[in-house]
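**Student:** Please find start-v2.tsv (TSV, C-alpha atoms) on the next line:
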```
chain	number	residue	atom	x	y	z
M	410	MET	CA	-9.87	11.89	2.46
M	411	SER	CA	-12.96	11.99	4.67
M	412	VAL	CA	-13.80	10.51	8.03
M	413	SER	CA	-14.81	6.86	7.79
M	414	GLU	CA	-18.30	6.17	6.49
M	415	LYS	CA	-18.71	3.52	9.19
M	416	PRO	CA	-18.17	5.40	12.46
M	417	LEU	CA	-16.67	3.46	15.32
M	418	THR	CA	-17.00	4.11	19.01
M	419	ILE	CA	-13.48	3.66	20.36
M	420	LEU	CA	-12.70	3.35	24.06
M	421	ILE	CA	-9.09	3.98	25.06
M	422	ALA	CA	-7.93	2.72	28.45
M	423	ASP	CA	-4.59	4.32	29.34
M	424	ASP	CA	-3.39	5.95	32.55
M	425	ASP	CA	-0.89	8.28	30.85
M	426	GLU	CA	-2.52	11.58	29.92
M	427	ASP	CA	0.14	12.34	27.29
M	428	ASP	CA	-0.40	8.93	25.67
M	429	ARG	CA	-4.17	9.49	25.62
M	430	LEU	CA	-3.71	12.89	23.95
M	431	MET	CA	-1.24	11.49	21.42
M	432	ALA	CA	-3.60	8.59	20.61
M	433	LYS	CA	-6.46	11.06	20.12
M	434	GLU	CA	-4.37	13.20	17.78
M	435	ALA	CA	-3.10	10.16	15.86
M	436	LEU	CA	-6.66	8.87	15.43
M	437	GLU	CA	-7.72	12.29	14.16
M	438	GLU	CA	-4.79	12.33	11.74
M	439	ALA	CA	-5.81	8.85	10.53
M	440	LEU	CA	-9.40	10.13	10.15
M	441	LEU	CA	-10.69	7.61	12.66
M	442	ALA	CA	-11.62	9.90	15.56
M	443	ASN	CA	-15.34	9.32	15.14
M	444	ASP	CA	-16.47	8.77	18.73
M	445	LEU	CA	-13.64	8.58	21.26
M	446	HIS	CA	-13.95	7.88	24.95
M	447	PHE	CA	-11.17	7.58	27.52
M	448	VAL	CA	-10.72	5.85	30.86
M	449	LYS	CA	-7.59	6.00	32.99
M	450	ASP	CA	-7.43	2.54	34.59
M	451	GLY	CA	-8.96	-0.91	34.60
M	452	GLU	CA	-11.46	-0.08	37.35
M	453	GLU	CA	-12.80	2.86	35.36
M	454	LEU	CA	-12.85	0.67	32.22
M	455	MET	CA	-15.07	-1.89	33.94
M	456	ASP	CA	-17.30	0.86	35.37
M	457	TYR	CA	-17.68	2.27	31.85
M	458	LEU	CA	-18.51	-1.12	30.33
M	459	HIS	CA	-20.98	-2.00	33.09
M	460	ARG	CA	-22.36	1.56	33.26
M	461	ARG	CA	-21.59	1.96	36.95
M	462	GLY	CA	-20.77	5.05	38.97
M	463	LYS	CA	-20.29	8.15	36.83
M	464	TYR	CA	-21.19	6.09	33.75
M	465	SER	CA	-24.64	5.04	34.94
M	466	GLY	CA	-27.57	6.43	33.00
M	467	GLY	CA	-27.49	8.72	30.03
M	468	ASP	CA	-25.41	8.38	26.91
M	469	ASN	CA	-21.98	9.12	28.40
M	470	ALA	CA	-20.85	5.49	27.97
M	471	PRO	CA	-21.85	4.20	24.53
M	472	CYS	CA	-20.91	0.62	23.84
M	473	PRO	CA	-17.46	0.57	22.24
M	474	ASP	CA	-16.92	-1.05	18.87
M	475	LEU	CA	-13.22	-1.32	19.73
M	476	ILE	CA	-11.11	-1.03	22.87
M	477	LEU	CA	-7.47	0.11	22.83
M	478	LEU	CA	-6.03	-1.20	26.08
M	479	ASP	CA	-2.82	-0.34	27.89
M	480	LEU	CA	-1.51	-3.12	30.14
M	481	ASN	CA	0.26	-1.16	32.85
M	482	MET	CA	-2.35	0.90	34.67
M	483	PRO	CA	-3.03	1.54	38.36
M	484	ARG	CA	-5.85	0.03	40.46
M	485	LYS	CA	-6.62	-2.72	37.94
M	486	ASP	CA	-4.16	-3.35	35.15
M	487	GLY	CA	-5.04	-4.15	31.56
M	488	ARG	CA	-4.41	-7.87	32.01
M	489	GLU	CA	-6.99	-8.12	34.78
M	490	ALA	CA	-9.51	-6.01	32.85
M	491	LEU	CA	-8.95	-8.08	29.69
M	492	ARG	CA	-9.61	-11.29	31.63
M	493	GLU	CA	-12.84	-9.87	33.09
M	494	ILE	CA	-14.08	-8.61	29.73
M	495	LYS	CA	-13.40	-11.86	27.91
M	496	GLU	CA	-15.08	-13.88	30.69
M	497	ASP	CA	-18.24	-11.74	30.47
M	498	THR	CA	-20.91	-13.11	28.13
M	499	TYR	CA	-22.07	-9.63	27.12
M	500	LEU	CA	-18.67	-8.00	26.71
M	501	ARG	CA	-16.45	-10.71	25.21
M	502	HIS	CA	-17.47	-9.81	21.64
M	503	ILE	CA	-15.89	-6.36	21.82
M	504	PRO	CA	-12.58	-6.43	19.90
M	505	ILE	CA	-9.63	-5.44	22.06
M	506	ILE	CA	-6.25	-4.26	20.84
M	507	VAL	CA	-3.51	-4.09	23.44
M	508	LEU	CA	-1.50	-0.93	22.81
M	509	THR	CA	1.29	-0.90	25.37
M	510	THR	CA	4.95	-0.13	25.95
M	511	SER	CA	5.59	-3.76	26.87
M	512	LYS	CA	7.55	-5.96	24.52
M	513	ALA	CA	7.66	-8.89	26.97
M	514	GLU	CA	6.96	-12.26	25.38
M	515	GLU	CA	5.09	-13.22	28.55
M	516	ASP	CA	2.67	-10.31	28.04
M	517	ILE	CA	2.15	-11.20	24.40
M	518	TYR	CA	1.39	-14.87	25.14
M	519	ARG	CA	-0.73	-14.11	28.21
M	520	THR	CA	-2.91	-11.50	26.50
M	521	TYR	CA	-3.54	-13.78	23.52
M	522	ASP	CA	-4.41	-16.59	25.94
M	523	LEU	CA	-6.91	-14.21	27.53
M	524	GLY	CA	-8.51	-13.49	24.15
M	525	VAL	CA	-7.01	-10.23	22.93
M	526	ASN	CA	-7.53	-9.57	19.23
M	527	SER	CA	-4.17	-7.92	18.64
M	528	PHE	CA	-1.03	-6.89	20.53
M	529	ILE	CA	0.81	-3.74	19.45
M	530	THR	CA	3.82	-2.18	21.13
M	531	LYS	CA	3.49	1.60	21.33
M	532	PRO	CA	5.76	3.23	18.79
M	533	VAL	CA	8.40	5.82	19.58
M	534	THR	CA	7.29	8.57	17.20
M	535	PHE	CA	3.97	10.24	16.52
M	536	GLU	CA	4.27	9.42	12.81
M	537	GLU	CA	4.58	5.71	13.64
M	538	LEU	CA	1.51	5.97	15.87
M	539	VAL	CA	-0.45	7.57	13.03
M	540	ASP	CA	0.63	4.69	10.77
M	541	ILE	CA	-0.64	2.20	13.37
M	542	MET	CA	-3.96	4.05	13.65
M	543	MET	CA	-4.30	4.05	9.86
M	544	THR	CA	-3.71	0.30	9.85
M	545	ILE	CA	-6.28	-0.17	12.60
M	546	LYS	CA	-8.72	1.92	10.57
M	547	LYS	CA	-8.09	-0.06	7.41
M	548	TYR	CA	-8.60	-3.39	9.16
M	549	TRP	CA	-11.40	-2.68	11.66
M	550	VAL	CA	-13.40	-0.29	9.45
M	551	SER	CA	-12.79	-1.55	5.92
M	552	THR	CA	-11.96	-5.24	6.29
M	553	ALA	CA	-13.23	-6.87	9.48
M	554	GLN	CA	-16.84	-7.80	10.08
M	555	LEU	CA	-17.98	-6.76	13.56
M	556	PRO	CA	-20.94	-8.48	15.22
M	557	ILE	CA	-24.21	-7.01	13.97
M	558	ASN	CA	-26.06	-4.95	16.55
M	559	ILE	CA	-23.40	-5.50	19.19
M	560	LYS	CA	-24.70	-2.38	20.95
M	561	GLY	CA	-28.16	-3.89	21.25
M	562	VAL	CA	-26.74	-7.12	22.64
M	563	ILE	CA	-24.66	-5.42	25.30
M	564	TYR	CA	-26.71	-2.37	26.15
M	565	GLY	CA	-30.06	-3.54	24.75
```
Translate the structure of the given file into structure tokens.

**Tutor:**
Amino acid sequence: MSVSEKPLTILIADDDEDDRLMAKEALEEALLANDLHFVKDGEELMDYLHRRGKYSGGDNAPCPDLILLDLNMPRKDGREALREIKEDTYLRHIPIIVLTTSKAEEDIYRTYDLGVNSFITKPVTFEELVDIMMTIKKYWVSTAQLPINIKGVIYG
């Protein structure tokens, strides 16, 4: 099996370094590690998306085709970042998958109310995480239609 013919730029927002590494390895195992970028909290996520601070200028912050978002992060949590993204005319089109340890019904309802595209509770084992990444690949690469030229709209 080869890496997807339709490369995605994936931005992962997660404060846990071990979780970021495991997500990276699971994406590689699922052959979806085309263009990965990581931020460690909601403030850094918004800086990345708005190309502020260390993300200003250059190509170090390409527009993501997909965001994997943890909810429980310092400085600005995933709920706050999700609200800001979905309220922004230029960012709201980016698909967001919440990938979190939370199983709280309140988090599920609230994130869907805010416009999340999917809510997934982080699995216990690496093999289960690989399965999730393979499912994400199958849906977002092979099945779903993403907005055409989303990068030009946001970063144009």

**Student:** For CA of Ile494 in chain M and CA of Asp450 in chain M, determine how far apart the two atoms are, in Å to one decimal place.

**Tutor:** 13.9 Å

**Student:** Go through M:Tyr521, M:Glu493, M:Glu515, M:Asp425 one by one, measure the shortest atom-to-atom distance of each to Asn481 in chain M using all atoms listed in the file, and give the residue with the smallest value.

**Tutor:**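 Closest to Asn481 in chain M of all the choices is M:Asp425.
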
**Student:** Write out, as a Markdown table, each residue of range 463-509 of chain M that has an atom at most 8 Å from range 526-546 of chain M, together with the closest pair of atoms and their distance in Å to one decimal, counting all atoms listed in the file, rows going by chain and rising number.

**Tutor:**
```
| residue | atom | partner | partner_atom | distance |
| --- | --- | --- | --- | --- |
| M:Pro504 | CA | M:Asn526 | CA | 6.0 |
| M:Ile505 | CA | M:Asn526 | CA | 5.4 |
| M:Ile506 | CA | M:Ser527 | CA | 4.7 |
| M:Val507 | CA | M:Phe528 | CA | 4.7 |
| M:Leu508 | CA | M:Ile529 | CA | 5.0 |
| M:Thr509 | CA | M:Thr530 | CA | 5.1 |
```

**Student:** Write the selection just made, keeping C-alpha atoms, as an mmCIF file, in the coordinates of the input?

**Tutor:**
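So the final result, stored in selection-v8.cif, reads:
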```
data_model
loop_
_atom_site.group_PDB
_atom_site.id
_atom_site.type_symbol
_atom_site.label_atom_id
_atom_site.label_comp_id
_atom_site.auth_asym_id
_atom_site.auth_seq_id
_atom_site.Cartn_x
_atom_site.Cartn_y
_atom_site.Cartn_z
ATOM 1 C CA PRO M 504 -12.580 -6.430 19.900
ATOM 2 C CA ILE M 505 -9.630 -5.440 22.060
ATOM 3 C CA ILE M 506 -6.250 -4.260 20.840
ATOM 4 C CA VAL M 507 -3.510 -4.090 23.440
ATOM 5 C CA LEU M 508 -1.500 -0.930 22.810
ATOM 6 C CA THR M 509 1.290 -0.900 25.370
#
```

**Student:** Find the distance between CA of Thr510 in chain M and CA of Asp428 in chain M and write it in Å to one decimal.

**Tutor:**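 Between CA of Thr510 in chain M and CA of Asp428 in chain M the gap works out to 10.5 Å.
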
**Student:** Between CA of Asp424 in chain M and CA of Gly451 in chain M, what distance in Å does the model show, to one decimal?

**Tutor:**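 Rounded to one decimal, the two atoms are 9.1 Å apart.
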
**Student:** Go through M:Asp474, M:Asp497, M:Asp456, M:Asp522 one by one, measure the shortest atom-to-atom distance of each to Leu417 in chain M using all atoms listed in the file, and give the residue with the smallest value.

**Tutor:**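 Checking each of M:Asp474, M:Asp497, M:Asp456, M:Asp522 against Leu417 in chain M, counting all atoms listed in the file, the winner is M:Asp474.
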
**Student:** With a distance cut-off of 12 Å and all atoms listed in the file, select the neighbouring residues of Tyr457 in chain M, excluding the residue or stretch itself and same-chain residues fewer than 2 positions from it, and output the selection as a VMD selection string.

**Tutor:** chain M and resid 420 to 422 446 to 455 459 to 473 476 490 494 500 564

**Student:** From the list M:Ile503, M:Leu441, M:Leu436, M:Leu555, which residue is nearest Gly524 in chain M when using only C-alpha atoms?

**Tutor:** M:Ile503

**Student:** Could you check the closest approach to His502 in chain M for each of M:Ala432, M:Pro556, M:Pro483, M:Thr520 and tell me which residue wins, using all atoms listed in the file?

**Tutor:** M:Pro556

**Student:** Counting only C-alpha atoms, which residue out of M:Met431, M:Leu440, M:Leu523, M:Ala513 sits closest to Lys547 in chain M?

**Tutor:**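 Ranked by minimum distance to Lys547 in chain M, first place goes to M:Leu440.
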
**Student:** My list of candidates is M:Thr418, M:Leu445, M:Leu491, M:Ala553. Which is closest to Leu475 in chain M when distances are computed with only C-alpha atoms?

**Tutor:**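 Nearest to Leu475 in chain M: M:Thr418.
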
**Student:** Step by step: locate range 459-505 of chain M in the block above, keep N, CA and C atoms, then write the file as a short mmCIF file (atom, residue, chain, number, x, y, z; two decimals), in the first residue's frame.

**Tutor:**
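And here's out_38.cif as it stands now:
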```cif
data_model
loop_
_atom_site.label_atom_id
_atom_site.label_comp_id
_atom_site.auth_asym_id
_atom_site.auth_seq_id
_atom_site.Cartn_x
_atom_site.Cartn_y
_atom_site.Cartn_z
N HIS M 459 -3.67 31.89 11.89
CA HIS M 459 -3.65 33.30 11.49
C HIS M 459 -2.26 33.78 11.09
N ARG M 460 -1.29 32.82 11.10
CA ARG M 460 0.09 33.11 10.71
C ARG M 460 0.67 34.27 11.51
N ARG M 461 0.57 34.13 12.84
CA ARG M 461 1.10 35.14 13.75
C ARG M 461 2.33 34.58 14.46
N GLY M 462 3.11 35.48 15.03
CA GLY M 462 4.26 35.07 15.82
C GLY M 462 5.23 34.23 15.01
N LYS M 463 5.61 33.08 15.56
CA LYS M 463 6.60 32.23 14.88
C LYS M 463 6.08 31.63 13.58
N TYR M 464 4.78 31.78 13.32
CA TYR M 464 4.19 31.25 12.09
C TYR M 464 4.01 32.31 11.00
N SER M 465 4.47 33.53 11.27
CA SER M 465 4.31 34.58 10.26
C SER M 465 5.38 34.42 9.18
N GLY M 466 4.98 34.64 7.96
CA GLY M 466 5.91 34.55 6.84
C GLY M 466 6.36 33.13 6.55
N GLY M 467 6.86 32.94 5.37
CA GLY M 467 7.40 31.63 5.01
C GLY M 467 6.32 30.57 4.83
N ASP M 468 6.78 29.35 4.72
CA ASP M 468 5.88 28.22 4.48
C ASP M 468 5.81 27.29 5.68
N ASN M 469 6.07 27.80 6.89
CA ASN M 469 6.06 26.93 8.06
C ASN M 469 4.67 26.71 8.63
N ALA M 470 3.65 27.30 8.01
CA ALA M 470 2.27 27.11 8.48
C ALA M 470 1.32 26.97 7.30
N PRO M 471 1.47 25.88 6.53
CA PRO M 471 0.54 25.70 5.40
C PRO M 471 -0.88 25.48 5.90
N CYS M 472 -1.82 25.93 5.13
CA CYS M 472 -3.23 25.79 5.51
C CYS M 472 -3.57 24.30 5.68
N PRO M 473 -4.13 23.94 6.83
CA PRO M 473 -4.47 22.53 7.02
C PRO M 473 -5.72 22.13 6.24
N ASP M 474 -5.69 20.91 5.74
CA ASP M 474 -6.88 20.31 5.13
C ASP M 474 -7.76 19.70 6.20
N LEU M 475 -7.16 19.41 7.36
CA LEU M 475 -7.85 18.73 8.45
C LEU M 475 -7.15 19.07 9.76
N ILE M 476 -7.94 19.32 10.80
CA ILE M 476 -7.39 19.58 12.13
C ILE M 476 -7.85 18.47 13.06
N LEU M 477 -6.90 17.86 13.78
CA LEU M 477 -7.21 16.93 14.86
C LEU M 477 -7.01 17.71 16.15
N LEU M 478 -8.07 17.86 16.93
CA LEU M 478 -8.09 18.79 18.04
C LEU M 478 -8.37 18.11 19.37
N ASP M 479 -7.43 18.27 20.30
CA ASP M 479 -7.66 17.82 21.68
C ASP M 479 -8.47 18.91 22.38
N LEU M 480 -9.31 18.53 23.33
CA LEU M 480 -10.11 19.52 24.04
C LEU M 480 -9.39 20.11 25.23
N ASN M 481 -8.68 19.29 25.97
CA ASN M 481 -8.10 19.72 27.24
C ASN M 481 -6.65 20.12 27.06
N MET M 482 -6.45 21.41 26.77
CA MET M 482 -5.11 21.96 26.58
C MET M 482 -4.97 23.22 27.42
N PRO M 483 -3.74 23.60 27.75
CA PRO M 483 -3.53 24.82 28.54
C PRO M 483 -3.70 26.08 27.68
N ARG M 484 -3.69 27.20 28.35
CA ARG M 484 -3.80 28.55 27.77
C ARG M 484 -5.14 28.79 27.08
N LYS M 485 -5.45 28.06 26.07
CA LYS M 485 -6.76 28.13 25.41
C LYS M 485 -7.12 26.70 25.07
N ASP M 486 -8.23 26.22 25.62
CA ASP M 486 -8.57 24.82 25.38
C ASP M 486 -9.19 24.64 23.99
N GLY M 487 -9.39 23.38 23.62
CA GLY M 487 -9.91 23.06 22.30
C GLY M 487 -11.31 23.59 22.05
N ARG M 488 -12.12 23.69 23.09
CA ARG M 488 -13.48 24.21 22.93
C ARG M 488 -13.45 25.67 22.50
N GLU M 489 -12.59 26.44 23.17
CA GLU M 489 -12.47 27.86 22.83
C GLU M 489 -11.91 28.04 21.42
N ALA M 490 -10.88 27.26 21.09
CA ALA M 490 -10.28 27.35 19.76
C ALA M 490 -11.30 26.94 18.69
N LEU M 491 -12.05 25.88 18.94
CA LEU M 491 -13.07 25.42 18.00
C LEU M 491 -14.09 26.53 17.75
N ARG M 492 -14.55 27.17 18.80
CA ARG M 492 -15.52 28.27 18.66
C ARG M 492 -14.94 29.38 17.79
N GLU M 493 -13.70 29.78 18.05
CA GLU M 493 -13.07 30.85 17.27
C GLU M 493 -12.91 30.46 15.81
N ILE M 494 -12.50 29.24 15.55
CA ILE M 494 -12.31 28.79 14.17
C ILE M 494 -13.64 28.80 13.42
N LYS M 495 -14.67 28.26 14.03
CA LYS M 495 -15.95 28.14 13.34
C LYS M 495 -16.68 29.48 13.22
N GLU M 496 -16.26 30.49 13.99
CA GLU M 496 -16.83 31.83 13.85
C GLU M 496 -16.08 32.67 12.82
N ASP M 497 -14.93 32.19 12.37
CA ASP M 497 -14.09 32.92 11.43
C ASP M 497 -14.45 32.57 10.00
N THR M 498 -14.81 33.56 9.22
CA THR M 498 -15.24 33.35 7.83
C THR M 498 -14.22 32.58 7.00
N TYR M 499 -12.93 32.82 7.24
CA TYR M 499 -11.89 32.20 6.43
C TYR M 499 -11.44 30.85 6.94
N LEU M 500 -11.75 30.53 8.18
CA LEU M 500 -11.28 29.28 8.76
C LEU M 500 -12.38 28.23 8.92
N ARG M 501 -13.61 28.63 8.97
CA ARG M 501 -14.71 27.71 9.31
C ARG M 501 -14.85 26.52 8.38
N HIS M 502 -14.28 26.61 7.19
CA HIS M 502 -14.40 25.51 6.22
C HIS M 502 -13.44 24.36 6.49
N ILE M 503 -12.46 24.57 7.36
CA ILE M 503 -11.49 23.52 7.65
C ILE M 503 -12.17 22.45 8.50
N PRO M 504 -12.19 21.21 8.04
CA PRO M 504 -12.79 20.13 8.85
C PRO M 504 -11.99 19.93 10.14
N ILE M 505 -12.73 19.75 11.23
CA ILE M 505 -12.10 19.53 12.53
C ILE M 505 -12.65 18.26 13.15
#
```
